[in-house]
Each structure stands twice: as C-alpha cells, then as structure tokens.
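Single-structure report; data block below.
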Amino acid sequence: MDAEHGRSEMRFRPTALGYVRSDVAGIQQARDEAEIRRVAQRLGYDLAKIVVFQSGDGYPLRRLKRLISDLGAEAVIVPNVKHFDAEKVPTELVRRVDVITVRPESTHARWSTGFVDNAG
C-alpha cells in the first residue's frame with residue numbers, strides 16, 4: 001500500500017503459457033517443465049499453466065491458440081521448436097503471442113512479423 005496516498009500499488013505481469021509435447025520430451029518432460037517455469041520467472045511472466053499434449057492429440061496448435069485466447073496470454077514458452085513438429089516456430093502463432101524457446105533461449109516477438117493479431 002502506498003502510505004502517502006493511501007492506495008494499493010497495482011502490479012501487472014504479463015501472462016505466459018507453457019507448452020510441452022510429451023512424445024517429444026520423453027523422459028525429460030519434468031526437466032522441460034522446470035526450465036519453462038525458470039524462464040517465465042526470470043523474464044517476469046505470470047505462468048498461468050503448462051499444457052501437455054501428445055502426438056495423437058488432434059489439432060494441438062489450434063487447441064494451443066484457443067488456450068492463449070482463453071487465458072489472455074502474451075507469451076508461450078516451449079522447450080524447443082521440435083515441440084511444434086517443425087523446424088521453426090509457426091508464424092501463425094507468433095502473430096498472436098511472443099514465443100520463447102528455452103533451448104536455445106530465443107524470443108520470437110509478435111512485432112517482428114509486422115502483424116499483431118489481438119483478436120485471439
């Protein structure tokens with residue numbers, strides 16, 4: 001509380017969502033989740049949850065985008081691009097949120113695409 005003005009300070013930390021594919025992580029899943037938590041904390045994000053999908057889950061990217069919208073997430077933190085079944089971070093995801101990879105640590109920022117989709 002601000003003693004001089006008698007009001008509480010409001011602090012805002014952007015929301016992040018962790019994303020792990022269990023079939024990609026394998027026996028390293030616990031390590032991957034711990035690294036996501038560590039990176040989120042170090043970068044100042046409020047980690048809302050870590051979602052874990054498997055290879056057989058239908059439309060994982062679509063489901064991830066729905067969670068991003070539902071949670072109002074500003075970022076997705078993922079162990080590496082292999083969790084997207086791709087050689088790079090999907091552009092359609094970077095248009096919605098910043099995507100942070102843990103290994104190698106890198107941020108794929110929305111503004112870098114030239115298009116920011118705030119509609120969710």
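Chain lettering (A, B, ...) mirrors the order of the structure tokens, residue numbering begins at 1 for each chain separately, and ligand numbering begins at 1 in order of display.
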List every residue of region 2-118 of chain A that DSSP, applied to the backbone, labels as alpha helix (DSSP H), and write the result as a PDB file with all heavy atoms, in the first residue's frame.
ATOM      1  N   SER A  22       4.539 -34.289 -24.856  1.00  0.00           N
ATOM      2  CA  SER A  22       5.098 -35.388 -24.062  1.00  0.00           C
ATOM      3  C   SER A  22       5.851 -36.394 -24.918  1.00  0.00           C
ATOM      4  O   SER A  22       6.856 -36.950 -24.474  1.00  0.00           O
ATOM      5  CB  SER A  22       4.000 -36.086 -23.262  1.00  0.00           C
ATOM      6  OG  SER A  22       3.034 -36.658 -24.123  1.00  0.00           O
ATOM      7  N   ASP A  23       5.411 -36.597 -26.158  1.00  0.00           N
ATOM      8  CA  ASP A  23       6.105 -37.545 -27.025  1.00  0.00           C
ATOM      9  C   ASP A  23       7.464 -37.012 -27.481  1.00  0.00           C
ATOM     10  O   ASP A  23       8.369 -37.779 -27.773  1.00  0.00           O
ATOM     11  CB  ASP A  23       5.245 -37.912 -28.237  1.00  0.00           C
ATOM     12  CG  ASP A  23       4.804 -36.706 -29.038  1.00  0.00           C
ATOM     13  OD1 ASP A  23       4.231 -35.771 -28.433  1.00  0.00           O
ATOM     14  OD2 ASP A  23       5.006 -36.686 -30.263  1.00  0.00           O
ATOM     15  N   VAL A  24       7.632 -35.700 -27.503  1.00  0.00           N
ATOM     16  CA  VAL A  24       8.914 -35.096 -27.864  1.00  0.00           C
ATOM     17  C   VAL A  24       9.821 -35.033 -26.632  1.00  0.00           C
ATOM     18  O   VAL A  24      11.005 -35.350 -26.708  1.00  0.00           O
ATOM     19  CB  VAL A  24       8.709 -33.680 -28.455  1.00  0.00           C
ATOM     20  CG1 VAL A  24      10.046 -32.996 -28.711  1.00  0.00           C
ATOM     21  CG2 VAL A  24       7.891 -33.752 -29.738  1.00  0.00           C
ATOM     22  N   ALA A  25       9.260 -34.666 -25.496  1.00  0.00           N
ATOM     23  CA  ALA A  25      10.047 -34.527 -24.268  1.00  0.00           C
ATOM     24  C   ALA A  25      10.525 -35.871 -23.735  1.00  0.00           C
ATOM     25  O   ALA A  25      11.637 -35.981 -23.220  1.00  0.00           O
ATOM     26  CB  ALA A  25       9.222 -33.813 -23.200  1.00  0.00           C
ATOM     27  N   GLN A  29      10.616 -34.728 -19.670  1.00  0.00           N
ATOM     28  CA  GLN A  29       9.466 -33.834 -19.516  1.00  0.00           C
ATOM     29  C   GLN A  29       9.534 -33.009 -18.229  1.00  0.00           C
ATOM     30  O   GLN A  29       9.281 -31.801 -18.251  1.00  0.00           O
ATOM     31  CB  GLN A  29       8.153 -34.616 -19.570  1.00  0.00           C
ATOM     32  CG  GLN A  29       6.944 -33.708 -19.489  1.00  0.00           C
ATOM     33  CD  GLN A  29       5.640 -34.447 -19.682  1.00  0.00           C
ATOM     34  OE1 GLN A  29       5.582 -35.466 -20.348  1.00  0.00           O
ATOM     35  NE2 GLN A  29       4.575 -33.927 -19.089  1.00  0.00           N
ATOM     36  N   ALA A  30       9.880 -33.625 -17.115  1.00  0.00           N
ATOM     37  CA  ALA A  30       9.969 -32.875 -15.853  1.00  0.00           C
ATOM     38  C   ALA A  30      11.016 -31.773 -15.946  1.00  0.00           C
ATOM     39  O   ALA A  30      10.806 -30.647 -15.466  1.00  0.00           O
ATOM     40  CB  ALA A  30      10.278 -33.819 -14.693  1.00  0.00           C
ATOM     41  N   ARG A  31      12.151 -32.064 -16.586  1.00  0.00           N
ATOM     42  CA  ARG A  31      13.195 -31.045 -16.765  1.00  0.00           C
ATOM     43  C   ARG A  31      12.672 -29.910 -17.645  1.00  0.00           C
ATOM     44  O   ARG A  31      12.872 -28.731 -17.342  1.00  0.00           O
ATOM     45  CB  ARG A  31      14.440 -31.664 -17.401  1.00  0.00           C
ATOM     46  CG  ARG A  31      15.557 -30.632 -17.604  1.00  0.00           C
ATOM     47  CD  ARG A  31      16.587 -31.067 -18.592  1.00  0.00           C
ATOM     48  NE  ARG A  31      15.958 -31.130 -19.915  1.00  0.00           N
ATOM     49  CZ  ARG A  31      16.604 -31.438 -21.016  1.00  0.00           C
ATOM     50  NH1 ARG A  31      17.872 -31.767 -20.974  1.00  0.00           N
ATOM     51  NH2 ARG A  31      15.988 -31.463 -22.169  1.00  0.00           N
ATOM     52  N   ASP A  32      11.996 -30.273 -18.747  1.00  0.00           N
ATOM     53  CA  ASP A  32      11.453 -29.252 -19.647  1.00  0.00           C
ATOM     54  C   ASP A  32      10.479 -28.337 -18.921  1.00  0.00           C
ATOM     55  O   ASP A  32      10.528 -27.116 -19.068  1.00  0.00           O
ATOM     56  CB  ASP A  32      10.754 -29.906 -20.844  1.00  0.00           C
ATOM     57  CG  ASP A  32      11.722 -30.523 -21.845  1.00  0.00           C
ATOM     58  OD1 ASP A  32      12.937 -30.227 -21.772  1.00  0.00           O
ATOM     59  OD2 ASP A  32      11.256 -31.302 -22.697  1.00  0.00           O
ATOM     60  N   GLU A  33       9.598 -28.919 -18.115  1.00  0.00           N
ATOM     61  CA  GLU A  33       8.635 -28.113 -17.373  1.00  0.00           C
ATOM     62  C   GLU A  33       9.326 -27.206 -16.349  1.00  0.00           C
ATOM     63  O   GLU A  33       8.941 -26.046 -16.188  1.00  0.00           O
ATOM     64  CB  GLU A  33       7.599 -29.012 -16.699  1.00  0.00           C
ATOM     65  CG  GLU A  33       6.673 -29.685 -17.702  1.00  0.00           C
ATOM     66  CD  GLU A  33       5.627 -30.576 -17.054  1.00  0.00           C
ATOM     67  OE1 GLU A  33       5.278 -30.349 -15.865  1.00  0.00           O
ATOM     68  OE2 GLU A  33       5.136 -31.501 -17.732  1.00  0.00           O
ATOM     69  N   ALA A  34      10.342 -27.713 -15.684  1.00  0.00           N
ATOM     70  CA  ALA A  34      11.098 -26.897 -14.722  1.00  0.00           C
ATOM     71  C   ALA A  34      11.794 -25.736 -15.430  1.00  0.00           C
ATOM     72  O   ALA A  34      11.827 -24.608 -14.906  1.00  0.00           O
ATOM     73  CB  ALA A  34      12.112 -27.763 -13.975  1.00  0.00           C
ATOM     74  N   GLU A  35      12.339 -25.980 -16.601  1.00  0.00           N
ATOM     75  CA  GLU A  35      13.013 -24.916 -17.355  1.00  0.00           C
ATOM     76  C   GLU A  35      12.017 -23.859 -17.815  1.00  0.00           C
ATOM     77  O   GLU A  35      12.334 -22.672 -17.808  1.00  0.00           O
ATOM     78  CB  GLU A  35      13.772 -25.499 -18.542  1.00  0.00           C
ATOM     79  CG  GLU A  35      15.017 -26.254 -18.133  1.00  0.00           C
ATOM     80  CD  GLU A  35      15.770 -26.846 -19.306  1.00  0.00           C
ATOM     81  OE1 GLU A  35      15.167 -27.070 -20.378  1.00  0.00           O
ATOM     82  OE2 GLU A  35      16.978 -27.095 -19.145  1.00  0.00           O
ATOM     83  N   ILE A  36      10.822 -24.284 -18.209  1.00  0.00           N
ATOM     84  CA  ILE A  36       9.783 -23.321 -18.593  1.00  0.00           C
ATOM     85  C   ILE A  36       9.452 -22.423 -17.404  1.00  0.00           C
ATOM     86  O   ILE A  36       9.366 -21.200 -17.540  1.00  0.00           O
ATOM     87  CB  ILE A  36       8.528 -24.054 -19.109  1.00  0.00           C
ATOM     88  CG1 ILE A  36       8.809 -24.639 -20.497  1.00  0.00           C
ATOM     89  CG2 ILE A  36       7.324 -23.121 -19.149  1.00  0.00           C
ATOM     90  CD1 ILE A  36       7.734 -25.581 -21.008  1.00  0.00           C
ATOM     91  N   ARG A  37       9.280 -23.016 -16.229  1.00  0.00           N
ATOM     92  CA  ARG A  37       8.989 -22.222 -15.024  1.00  0.00           C
ATOM     93  C   ARG A  37      10.112 -21.234 -14.721  1.00  0.00           C
ATOM     94  O   ARG A  37       9.877 -20.076 -14.379  1.00  0.00           O
ATOM     95  CB  ARG A  37       8.773 -23.140 -13.823  1.00  0.00           C
ATOM     96  CG  ARG A  37       7.459 -23.863 -13.833  1.00  0.00           C
ATOM     97  CD  ARG A  37       7.256 -24.708 -12.567  1.00  0.00           C
ATOM     98  NE  ARG A  37       6.095 -25.543 -12.702  1.00  0.00           N
ATOM     99  CZ  ARG A  37       6.090 -26.774 -13.220  1.00  0.00           C
ATOM    100  NH1 ARG A  37       7.224 -27.338 -13.615  1.00  0.00           N
ATOM    101  NH2 ARG A  37       4.974 -27.460 -13.323  1.00  0.00           N
ATOM    102  N   ARG A  38      11.355 -21.704 -14.839  1.00  0.00           N
ATOM    103  CA  ARG A  38      12.513 -20.854 -14.552  1.00  0.00           C
ATOM    104  C   ARG A  38      12.577 -19.672 -15.515  1.00  0.00           C
ATOM    105  O   ARG A  38      12.766 -18.521 -15.096  1.00  0.00           O
ATOM    106  CB  ARG A  38      13.795 -21.688 -14.653  1.00  0.00           C
ATOM    107  CG  ARG A  38      15.075 -20.886 -14.407  1.00  0.00           C
ATOM    108  CD  ARG A  38      16.334 -21.709 -14.653  1.00  0.00           C
ATOM    109  NE  ARG A  38      16.384 -22.393 -15.937  1.00  0.00           N
ATOM    110  CZ  ARG A  38      16.678 -21.810 -17.100  1.00  0.00           C
ATOM    111  NH1 ARG A  38      16.950 -20.521 -17.149  1.00  0.00           N
ATOM    112  NH2 ARG A  38      16.713 -22.519 -18.210  1.00  0.00           N
ATOM    113  N   VAL A  39      12.397 -19.929 -16.800  1.00  0.00           N
ATOM    114  CA  VAL A  39      12.461 -18.858 -17.796  1.00  0.00           C
ATOM    115  C   VAL A  39      11.314 -17.865 -17.586  1.00  0.00           C
ATOM    116  O   VAL A  39      11.517 -16.653 -17.650  1.00  0.00           O
ATOM    117  CB  VAL A  39      12.464 -19.435 -19.230  1.00  0.00           C
ATOM    118  CG1 VAL A  39      12.229 -18.354 -20.271  1.00  0.00           C
ATOM    119  CG2 VAL A  39      13.775 -20.152 -19.504  1.00  0.00           C
ATOM    120  N   ALA A  40      10.114 -18.367 -17.323  1.00  0.00           N
ATOM    121  CA  ALA A  40       8.966 -17.485 -17.090  1.00  0.00           C
ATOM    122  C   ALA A  40       9.233 -16.552 -15.908  1.00  0.00           C
ATOM    123  O   ALA A  40       9.004 -15.343 -15.991  1.00  0.00           O
ATOM    124  CB  ALA A  40       7.706 -18.309 -16.835  1.00  0.00           C
ATOM    125  N   GLN A  41       9.740 -17.111 -14.835  1.00  0.00           N
ATOM    126  CA  GLN A  41      10.019 -16.302 -13.647  1.00  0.00           C
ATOM    127  C   GLN A  41      11.108 -15.271 -13.929  1.00  0.00           C
ATOM    128  O   GLN A  41      10.969 -14.105 -13.586  1.00  0.00           O
ATOM    129  CB  GLN A  41      10.437 -17.195 -12.485  1.00  0.00           C
ATOM    130  CG  GLN A  41      10.694 -16.415 -11.218  1.00  0.00           C
ATOM    131  CD  GLN A  41      11.051 -17.317 -10.046  1.00  0.00           C
ATOM    132  OE1 GLN A  41      11.338 -18.494 -10.208  1.00  0.00           O
ATOM    133  NE2 GLN A  41      11.028 -16.758  -8.858  1.00  0.00           N
ATOM    134  N   ARG A  42      12.175 -15.703 -14.576  1.00  0.00           N
ATOM    135  CA  ARG A  42      13.289 -14.795 -14.855  1.00  0.00           C
ATOM    136  C   ARG A  42      12.877 -13.647 -15.771  1.00  0.00           C
ATOM    137  O   ARG A  42      13.338 -12.519 -15.626  1.00  0.00           O
ATOM    138  CB  ARG A  42      14.457 -15.569 -15.479  1.00  0.00           C
ATOM    139  CG  ARG A  42      15.717 -14.728 -15.633  1.00  0.00           C
ATOM    140  CD  ARG A  42      16.922 -15.544 -16.043  1.00  0.00           C
ATOM    141  NE  ARG A  42      16.716 -16.394 -17.180  1.00  0.00           N
ATOM    142  CZ  ARG A  42      16.656 -15.978 -18.449  1.00  0.00           C
ATOM    143  NH1 ARG A  42      16.784 -14.703 -18.728  1.00  0.00           N
ATOM    144  NH2 ARG A  42      16.481 -16.827 -19.429  1.00  0.00           N
ATOM    145  N   LEU A  43      11.963 -13.926 -16.711  1.00  0.00           N
ATOM    146  CA  LEU A  43      11.534 -12.897 -17.658  1.00  0.00           C
ATOM    147  C   LEU A  43      10.342 -12.081 -17.145  1.00  0.00           C
ATOM    148  O   LEU A  43       9.873 -11.179 -17.828  1.00  0.00           O
ATOM    149  CB  LEU A  43      11.204 -13.529 -19.016  1.00  0.00           C
ATOM    150  CG  LEU A  43      12.392 -14.169 -19.733  1.00  0.00           C
ATOM    151  CD1 LEU A  43      11.940 -14.807 -21.046  1.00  0.00           C
ATOM    152  CD2 LEU A  43      13.507 -13.149 -19.983  1.00  0.00           C
ATOM    153  N   PRO A  60      -3.181 -29.873 -32.175  1.00  0.00           N
ATOM    154  CA  PRO A  60      -2.586 -29.255 -30.983  1.00  0.00           C
ATOM    155  C   PRO A  60      -2.374 -27.743 -31.116  1.00  0.00           C
ATOM    156  O   PRO A  60      -2.565 -27.009 -30.142  1.00  0.00           O
ATOM    157  CB  PRO A  60      -1.264 -29.996 -30.801  1.00  0.00           C
ATOM    158  CG  PRO A  60      -0.973 -30.614 -32.115  1.00  0.00           C
ATOM    159  CD  PRO A  60      -2.302 -30.864 -32.770  1.00  0.00           C
ATOM    160  N   LEU A  61      -2.003 -27.269 -32.303  1.00  0.00           N
ATOM    161  CA  LEU A  61      -1.778 -25.832 -32.464  1.00  0.00           C
ATOM    162  C   LEU A  61      -3.089 -25.067 -32.323  1.00  0.00           C
ATOM    163  O   LEU A  61      -3.141 -24.009 -31.698  1.00  0.00           O
ATOM    164  CB  LEU A  61      -1.110 -25.540 -33.809  1.00  0.00           C
ATOM    165  CG  LEU A  61      -0.495 -24.161 -33.964  1.00  0.00           C
ATOM    166  CD1 LEU A  61       0.528 -23.883 -32.872  1.00  0.00           C
ATOM    167  CD2 LEU A  61       0.150 -24.025 -35.327  1.00  0.00           C
ATOM    168  N   ARG A  62      -4.158 -25.609 -32.864  1.00  0.00           N
ATOM    169  CA  ARG A  62      -5.478 -24.977 -32.731  1.00  0.00           C
ATOM    170  C   ARG A  62      -5.895 -24.939 -31.258  1.00  0.00           C
ATOM    171  O   ARG A  62      -6.389 -23.923 -30.774  1.00  0.00           O
ATOM    172  CB  ARG A  62      -6.514 -25.732 -33.544  1.00  0.00           C
ATOM    173  CG  ARG A  62      -7.881 -25.054 -33.490  1.00  0.00           C
ATOM    174  CD  ARG A  62      -8.944 -25.816 -34.226  1.00  0.00           C
ATOM    175  NE  ARG A  62      -8.590 -26.033 -35.608  1.00  0.00           N
ATOM    176  CZ  ARG A  62      -9.213 -26.898 -36.398  1.00  0.00           C
ATOM    177  NH1 ARG A  62     -10.213 -27.630 -35.947  1.00  0.00           N
ATOM    178  NH2 ARG A  62      -8.839 -27.048 -37.654  1.00  0.00           N
ATOM    179  N   ARG A  63      -5.669 -26.040 -30.546  1.00  0.00           N
ATOM    180  CA  ARG A  63      -6.014 -26.089 -29.117  1.00  0.00           C
ATOM    181  C   ARG A  63      -5.165 -25.105 -28.319  1.00  0.00           C
ATOM    182  O   ARG A  63      -5.651 -24.444 -27.404  1.00  0.00           O
ATOM    183  CB  ARG A  63      -5.830 -27.508 -28.590  1.00  0.00           C
ATOM    184  CG  ARG A  63      -6.865 -28.467 -29.160  1.00  0.00           C
ATOM    185  CD  ARG A  63      -6.626 -29.890 -28.755  1.00  0.00           C
ATOM    186  NE  ARG A  63      -6.678 -30.027 -27.308  1.00  0.00           N
ATOM    187  CZ  ARG A  63      -6.145 -31.043 -26.645  1.00  0.00           C
ATOM    188  NH1 ARG A  63      -5.502 -31.994 -27.295  1.00  0.00           N
ATOM    189  NH2 ARG A  63      -6.234 -31.120 -25.337  1.00  0.00           N
ATOM    190  N   LEU A  64      -3.876 -24.999 -28.681  1.00  0.00           N
ATOM    191  CA  LEU A  64      -2.994 -24.059 -28.005  1.00  0.00           C
ATOM    192  C   LEU A  64      -3.466 -22.617 -28.222  1.00  0.00           C
ATOM    193  O   LEU A  64      -3.515 -21.821 -27.281  1.00  0.00           O
ATOM    194  CB  LEU A  64      -1.557 -24.238 -28.496  1.00  0.00           C
ATOM    195  CG  LEU A  64      -0.506 -23.333 -27.882  1.00  0.00           C
ATOM    196  CD1 LEU A  64      -0.405 -23.538 -26.374  1.00  0.00           C
ATOM    197  CD2 LEU A  64       0.851 -23.588 -28.543  1.00  0.00           C
ATOM    198  N   LYS A  65      -3.852 -22.289 -29.441  1.00  0.00           N
ATOM    199  CA  LYS A  65      -4.324 -20.937 -29.735  1.00  0.00           C
ATOM    200  C   LYS A  65      -5.606 -20.619 -28.970  1.00  0.00           C
ATOM    201  O   LYS A  65      -5.790 -19.495 -28.513  1.00  0.00           O
ATOM    202  CB  LYS A  65      -4.507 -20.745 -31.236  1.00  0.00           C
ATOM    203  CG  LYS A  65      -3.176 -20.714 -31.982  1.00  0.00           C
ATOM    204  CD  LYS A  65      -3.290 -20.292 -33.416  1.00  0.00           C
ATOM    205  CE  LYS A  65      -4.098 -21.220 -34.250  1.00  0.00           C
ATOM    206  NZ  LYS A  65      -4.029 -20.912 -35.692  1.00  0.00           N
ATOM    207  N   ARG A  66      -6.466 -21.604 -28.792  1.00  0.00           N
ATOM    208  CA  ARG A  66      -7.691 -21.383 -28.020  1.00  0.00           C
ATOM    209  C   ARG A  66      -7.342 -21.077 -26.555  1.00  0.00           C
ATOM    210  O   ARG A  66      -7.904 -20.168 -25.949  1.00  0.00           O
ATOM    211  CB  ARG A  66      -8.617 -22.576 -28.093  1.00  0.00           C
ATOM    212  CG  ARG A  66      -9.915 -22.343 -27.303  1.00  0.00           C
ATOM    213  CD  ARG A  66     -10.805 -23.528 -27.248  1.00  0.00           C
ATOM    214  NE  ARG A  66     -11.797 -23.734 -28.247  1.00  0.00           N
ATOM    215  CZ  ARG A  66     -12.757 -22.897 -28.619  1.00  0.00           C
ATOM    216  NH1 ARG A  66     -12.800 -21.701 -28.137  1.00  0.00           N
ATOM    217  NH2 ARG A  66     -13.663 -23.232 -29.486  1.00  0.00           N
ATOM    218  N   LEU A  67      -6.386 -21.829 -25.988  1.00  0.00           N
ATOM    219  CA  LEU A  67      -5.959 -21.577 -24.614  1.00  0.00           C
ATOM    220  C   LEU A  67      -5.329 -20.192 -24.473  1.00  0.00           C
ATOM    221  O   LEU A  67      -5.542 -19.512 -23.465  1.00  0.00           O
ATOM    222  CB  LEU A  67      -4.973 -22.648 -24.156  1.00  0.00           C
ATOM    223  CG  LEU A  67      -5.583 -23.983 -23.784  1.00  0.00           C
ATOM    224  CD1 LEU A  67      -4.489 -25.043 -23.621  1.00  0.00           C
ATOM    225  CD2 LEU A  67      -6.382 -23.859 -22.507  1.00  0.00           C
ATOM    226  N   ILE A  68      -4.564 -19.792 -25.459  1.00  0.00           N
ATOM    227  CA  ILE A  68      -3.963 -18.457 -25.448  1.00  0.00           C
ATOM    228  C   ILE A  68      -5.050 -17.398 -25.340  1.00  0.00           C
ATOM    229  O   ILE A  68      -4.972 -16.483 -24.519  1.00  0.00           O
ATOM    230  CB  ILE A  68      -3.102 -18.229 -26.714  1.00  0.00           C
ATOM    231  CG1 ILE A  68      -1.841 -19.087 -26.650  1.00  0.00           C
ATOM    232  CG2 ILE A  68      -2.773 -16.758 -26.906  1.00  0.00           C
ATOM    233  CD1 ILE A  68      -1.116 -19.212 -27.983  1.00  0.00           C
ATOM    234  N   SER A  69      -6.083 -17.555 -26.145  1.00  0.00           N
ATOM    235  CA  SER A  69      -7.195 -16.605 -26.117  1.00  0.00           C
ATOM    236  C   SER A  69      -7.929 -16.656 -24.789  1.00  0.00           C
ATOM    237  O   SER A  69      -8.237 -15.624 -24.191  1.00  0.00           O
ATOM    238  CB  SER A  69      -8.176 -16.894 -27.255  1.00  0.00           C
ATOM    239  OG  SER A  69      -7.577 -16.660 -28.493  1.00  0.00           O
ATOM    240  N   ASP A  70      -8.233 -17.861 -24.318  1.00  0.00           N
ATOM    241  CA  ASP A  70      -8.975 -18.016 -23.067  1.00  0.00           C
ATOM    242  C   ASP A  70      -8.244 -17.408 -21.877  1.00  0.00           C
ATOM    243  O   ASP A  70      -8.866 -16.839 -20.983  1.00  0.00           O
ATOM    244  CB  ASP A  70      -9.260 -19.493 -22.778  1.00  0.00           C
ATOM    245  CG  ASP A  70     -10.271 -20.111 -23.733  1.00  0.00           C
ATOM    246  OD1 ASP A  70     -10.920 -19.359 -24.510  1.00  0.00           O
ATOM    247  OD2 ASP A  70     -10.406 -21.350 -23.730  1.00  0.00           O
ATOM    248  N   LEU A  71      -6.924 -17.544 -21.857  1.00  0.00           N
ATOM    249  CA  LEU A  71      -6.125 -17.059 -20.732  1.00  0.00           C
ATOM    250  C   LEU A  71      -5.609 -15.627 -20.922  1.00  0.00           C
ATOM    251  O   LEU A  71      -5.046 -15.045 -20.007  1.00  0.00           O
ATOM    252  CB  LEU A  71      -4.937 -17.991 -20.485  1.00  0.00           C
ATOM    253  CG  LEU A  71      -5.290 -19.403 -20.038  1.00  0.00           C
ATOM    254  CD1 LEU A  71      -4.047 -20.289 -20.039  1.00  0.00           C
ATOM    255  CD2 LEU A  71      -5.926 -19.380 -18.655  1.00  0.00           C
ATOM    256  N   THR A  91       4.618 -19.308 -37.746  1.00  0.00           N
ATOM    257  CA  THR A  91       4.336 -17.884 -37.909  1.00  0.00           C
ATOM    258  C   THR A  91       2.943 -17.540 -37.405  1.00  0.00           C
ATOM    259  O   THR A  91       2.742 -16.496 -36.785  1.00  0.00           O
ATOM    260  CB  THR A  91       4.483 -17.468 -39.384  1.00  0.00           C
ATOM    261  OG1 THR A  91       5.807 -17.799 -39.812  1.00  0.00           O
ATOM    262  CG2 THR A  91       4.237 -15.991 -39.582  1.00  0.00           C
ATOM    263  N   GLU A  92       1.979 -18.427 -37.639  1.00  0.00           N
ATOM    264  CA  GLU A  92       0.609 -18.142 -37.199  1.00  0.00           C
ATOM    265  C   GLU A  92       0.510 -17.991 -35.681  1.00  0.00           C
ATOM    266  O   GLU A  92      -0.358 -17.301 -35.178  1.00  0.00           O
ATOM    267  CB  GLU A  92      -0.360 -19.208 -37.696  1.00  0.00           C
ATOM    268  CG  GLU A  92      -0.102 -20.577 -37.106  1.00  0.00           C
ATOM    269  CD  GLU A  92      -0.957 -21.668 -37.724  1.00  0.00           C
ATOM    270  OE1 GLU A  92      -2.087 -21.872 -37.242  1.00  0.00           O
ATOM    271  OE2 GLU A  92      -0.487 -22.297 -38.677  1.00  0.00           O
ATOM    272  N   LEU A  93       1.420 -18.634 -34.965  1.00  0.00           N
ATOM    273  CA  LEU A  93       1.442 -18.499 -33.506  1.00  0.00           C
ATOM    274  C   LEU A  93       2.117 -17.198 -33.097  1.00  0.00           C
ATOM    275  O   LEU A  93       1.641 -16.493 -32.205  1.00  0.00           O
ATOM    276  CB  LEU A  93       2.161 -19.701 -32.885  1.00  0.00           C
ATOM    277  CG  LEU A  93       2.073 -19.843 -31.373  1.00  0.00           C
ATOM    278  CD1 LEU A  93       0.621 -19.941 -30.909  1.00  0.00           C
ATOM    279  CD2 LEU A  93       2.842 -21.071 -30.924  1.00  0.00           C
ATOM    280  N   VAL A  94       3.207 -16.852 -33.771  1.00  0.00           N
ATOM    281  CA  VAL A  94       3.941 -15.619 -33.455  1.00  0.00           C
ATOM    282  C   VAL A  94       3.092 -14.388 -33.776  1.00  0.00           C
ATOM    283  O   VAL A  94       3.295 -13.333 -33.192  1.00  0.00           O
ATOM    284  CB  VAL A  94       5.300 -15.572 -34.196  1.00  0.00           C
ATOM    285  CG1 VAL A  94       6.050 -14.283 -33.897  1.00  0.00           C
ATOM    286  CG2 VAL A  94       6.145 -16.762 -33.822  1.00  0.00           C
TER     287      VAL A  94
END
- Query: Could you name the residues that touch region 97-106 of chain A at 8 Å or less, counting only C-alpha atoms, but leaving out those on the same chain fewer than 2 positions away, as a PyMOL selection string?
  - Reply: chain A and resi 35-36+39+73-81+89+93-95+108-110
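Here the DSSP assignment of strand (DSSP E or B), based on backbone atoms, applies within chain A to Asp2, Arg7, Thr15, Ala16, Leu17, Gly18, Tyr19, Val20, Arg21, Asp46, Leu47, Ala48, Lys49, Ile50, Val51, Val52, Phe53, Ala75, Val76, Ile77, Val78, Asp98, Val99, Ile100, Thr101, Ser106, Thr107 and His108 of chain A.
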Could you name the residues that touch region 47-55 of chain A at 6 Å or less, counting only C-alpha atoms, but leaving out those on the same chain fewer than 2 positions away, as a short mmCIF file (atom, residue, chain, number, x, y, z; two decimals) with N, CA, C and O atoms, in the first residue's frame?
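Result file around-v1.cif:
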data_model
loop_
_atom_site.label_atom_id
_atom_site.label_comp_id
_atom_site.auth_asym_id
_atom_site.auth_seq_id
_atom_site.Cartn_x
_atom_site.Cartn_y
_atom_site.Cartn_z
N THR A 15 0.89 -12.56 -18.78
CA THR A 15 0.62 -13.98 -18.63
C THR A 15 1.32 -14.79 -19.71
O THR A 15 1.32 -14.41 -20.88
N ALA A 16 1.91 -15.90 -19.29
CA ALA A 16 2.53 -16.83 -20.23
C ALA A 16 1.89 -18.20 -20.06
O ALA A 16 1.34 -18.53 -19.01
N LEU A 17 2.02 -18.98 -21.10
CA LEU A 17 1.53 -20.34 -21.13
C LEU A 17 2.69 -21.23 -21.54
O LEU A 17 3.40 -20.92 -22.49
N GLY A 18 2.94 -22.29 -20.78
CA GLY A 18 3.98 -23.24 -21.16
C GLY A 18 3.39 -24.30 -22.07
O GLY A 18 2.20 -24.64 -21.95
N TYR A 19 4.18 -24.81 -23.00
CA TYR A 19 3.69 -25.81 -23.96
C TYR A 19 4.73 -26.91 -24.10
O TYR A 19 5.89 -26.64 -24.42
N VAL A 20 4.30 -28.14 -23.86
CA VAL A 20 5.18 -29.30 -23.96
C VAL A 20 4.46 -30.41 -24.71
O VAL A 20 3.28 -30.67 -24.46
N ARG A 21 5.17 -31.07 -25.61
CA ARG A 21 4.66 -32.29 -26.23
C ARG A 21 5.33 -33.45 -25.52
O ARG A 21 6.55 -33.60 -25.54
N SER A 22 4.54 -34.29 -24.86
CA SER A 22 5.10 -35.39 -24.06
C SER A 22 5.85 -36.39 -24.92
O SER A 22 6.86 -36.95 -24.47
N ASP A 23 5.41 -36.60 -26.16
CA ASP A 23 6.11 -37.54 -27.02
C ASP A 23 7.46 -37.01 -27.48
O ASP A 23 8.37 -37.78 -27.77
N TYR A 45 7.18 -13.20 -16.25
CA TYR A 45 5.84 -13.64 -16.65
C TYR A 45 5.11 -14.32 -15.50
O TYR A 45 5.73 -14.97 -14.66
N ASP A 57 -2.97 -36.19 -30.06
CA ASP A 57 -3.98 -35.17 -29.77
C ASP A 57 -4.30 -34.42 -31.07
O ASP A 57 -3.40 -33.95 -31.76
#
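In this structure, CA of Tyr59 (chain A) sits 25.7 Å away from CA of Asp46 (chain A).
CA of Gly56 (chain A) lies 12.3 Å from CA of Asp85 (chain A).
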